[in-house]
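Below is one structure, written out as structure tokens; comments come after it.
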Amino acid sequence: MNVILIILDTLRKDHVGIYGNKWIKTPNMDRLAKDSIIFDNAYPESLPTIPVRRAIHTGIRCFPFKTYNPRKGDMVRAMGWEPIPEKQVTLAEILLKRRYRNVFITDTYHQFKPSMNFHRGFKFYWIRGQEGDLYKSTPKIRGKDMKKYFPKSGISAHMALVLDQYLKNVANRNKEEDYFAPQVFSKAINWLEETKGSKKFFLCIDSFDPHEPWDPPQHYRDMYFPNYDGQEIITPNYLTNIDYLTPDELKYMRACYAGEVTMVDTWIGKLMDKVIDLGLLDDTFIFCISDHGHQLGEHNMTGKIPWGLYPELIDIPFFIRHPKGLGKGKHIKSFVYNFDVFPTILDVLDATPPNPIDGINLWKLLDNDYIEDRKFVTCGFNSYVWVRDENYAYITDYKRKNEYLFDLKKDPEQNTNIAKENSELNQKMFNMILKDADGELIDHSTSLMKKIEEWYKMEP
């Protein structure tokens, strides 16, 4: 049997049709999901990009962050943003020993910063140029050419730097195939064509899209906001105040994100068509999962704000297609994590996972949609933590200076904080977090981390 694992960066669950979205076009993901087991309550165990992928590739959670060693030369500062530890075994390394042909095709450039270790066990293709990837130094981007991407109220220095680099990287695009998601999926399609009939394979496709900057070809943007002639907001400030955007700027930013989602969906469709054309569908398990979502103005936030652990950031799409159609169309209500991918893939390939791991084999949910020892789920993002069970969701910082509690039955969108009048329930929820943290939360907030948090909050 073969395995295709599709990881999508920054894809919100509520922007996919199979999960109830009515206005964004995702026909190909919906088609794949309808033939799959669909997980309705899937979550990352920690955020952002790198911790999520560490957990997927090793089956071992990053939260709680017992240690934290910022990477020299890497501008990203987030707990868990560290290499896959040398002592941890990756999924690809296990399958390589079983004579699988492993290939990793990605434009998620953070994984290939020095010593990150995500290439272990793979032959890999890194498609350069996403976001702030230091890929091209020319052409020079003139200030007047950048201004159209700034809100009328201005943009943060960090995002200006990202845009300057990104616009250099993409200056020579001419057609849709030159965009990043099309490049990633085209490379995967070509690889399948070239290797058809070869030995069993594990193909990992990791698309950084629909991560910002959101600048899909114009026809995708026009699906959601045609004839717009204002500022082109393709990447947000990371703020807890959306007043820096006019109503039309916010609408356009959301339209650009929606267009990027539809572009990614289009190329997933092309991949699936090739899998069918090559006769691989009956011999291939297909996993599709996102790492996290993105705040697009909900709860007065834009970006990925660590203390904004609301559904728009934390809920992820996740579905698995079994080649024999097992569980087709079944919605699983149990809580599942991203790190469950690891043992689930190993099970279908009759491989034994190493010890210890944290993930569980999800195939057992085909017969019993309930995991006895998973009555709640937790997630960490820097020094902020989240927990939810069937009834409540709770967000706080390590020192519990700020607490947010939501009744999920009465308030599923989590707009009314009931923490002040429920101190005992707050303690109960925090105890769940401590249980997953082995009884201790270690605060690694250095002066640098505090500066980052100040940056998140700064006025435009």
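In the structure tokens, each chain is lettered A, B, ... as it comes, each chain's residues begin at 1, and ligands are numbered from 1 in order of appearance.
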**Prompt:** Using only C-alpha atoms, which residues sit within 8 Å of Gly80 in chain A once same-chain residues fewer than 6 positions away are excluded, as a PyMOL selection string?
**Reply:** chain A and resi 46-47+50-51+62-63+65+68
For the residues in the current selection, export N, CA and C atoms as a compact mmCIF listing (two decimals), in the first residue's frame.
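For reference, result_14.txt as written:
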# COMPACT_ATOMS: atom_id res chain seq x y z
N SER A 46 -0.09 21.96 19.61
CA SER A 46 0.66 23.19 19.87
C SER A 46 0.76 23.94 18.55
N LEU A 47 1.04 25.21 18.66
CA LEU A 47 1.17 26.08 17.50
C LEU A 47 2.48 26.85 17.59
N ILE A 50 6.05 25.03 12.96
CA ILE A 50 7.05 23.99 13.23
C ILE A 50 6.60 23.01 14.31
N PRO A 51 6.09 23.45 15.46
CA PRO A 51 5.62 22.46 16.45
C PRO A 51 4.57 21.51 15.89
N CYS A 62 4.60 18.42 21.34
CA CYS A 62 5.60 19.41 21.77
C CYS A 62 5.19 20.09 23.07
N PHE A 63 3.88 20.35 23.25
CA PHE A 63 3.39 20.90 24.51
C PHE A 63 3.28 19.78 25.53
N PHE A 65 6.07 22.70 26.80
CA PHE A 65 7.39 23.05 26.32
C PHE A 65 8.36 23.04 27.51
N TYR A 68 13.22 25.47 26.00
CA TYR A 68 13.05 26.34 24.85
C TYR A 68 14.39 26.96 24.51
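For range 193-358 of chain A, backbone-based DSSP labels the following residues as strand (DSSP E): Phe201, Phe202, Leu203, Cys204, Ile205, Asp206, Ser207, Thr284, Phe285, Ile286, Phe287, Cys288, Ile289, Ser290, Gln295, Leu296, Thr302, Gly303, Phe318, Phe319, Ile320, Arg321, His331, Ile332, Lys333, Ser334, Phe335, Val336 and Tyr337 of chain A.
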**Request:** Return the single residue from A:Asp436, A:Thr58, A:Asn300, A:Ile84 that is closest to Gly380 in chain A, with distances computed using only C-alpha atoms.
**Result:** A:Asp436
**Message:** Could you check the closest approach to Cys288 in chain A for each of A:His158, A:Lys22, A:His322, A:Lys66 and tell me which residue wins, using only C-alpha atoms?
**Reply:**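 Nearest to Cys288 in chain A: A:His322.
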**Request:** Would you mind writing down, as a ChimeraX atom specification, each residue of range 26-254 of chain A that DSSP on the backbone assigns to alpha helix (DSSP H)?
**Result:** /A:27-34,49-58,91-97,143-147,157-169,180-195,218-222,247-254
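Across the structure, CA of Asp283 in chain A and CA of Ser36 in chain A are spaced 14.5 Å apart.
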**Request:** Give me the residues within 10 Å of Pro412 in chain A as number ranges by chain, counting only C-alpha atoms and dropping any in the same chain fewer than 3 places off.
**Result:** A: 311, 391-393, 406-409, 415-416
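One finds CA of Thr90 in chain A at 19.9 Å from CA of Asp9 in chain A.
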**Message:** Which residue is closest to Met253 in chain A? Choose from A:Asp215, A:Glu403, A:Glu298, A:Asp273 and count only C-alpha atoms.
**Reply:** A:Asp215
**Item:** Minimum-distance residue to Lys375 in chain A, chosen among A:Met432, A:Ile345, A:Ile357, A:Leu163 (using only C-alpha atoms)
**Value:**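 Ranking A:Met432, A:Ile345, A:Ile357, A:Leu163 by distance to Lys375 in chain A, first place goes to A:Met432.
The closest residue to Tyr384 in chain A, picked from A:Leu425, A:Leu441, A:Leu5, A:Ile360 and counting only C-alpha atoms, is A:Leu441.
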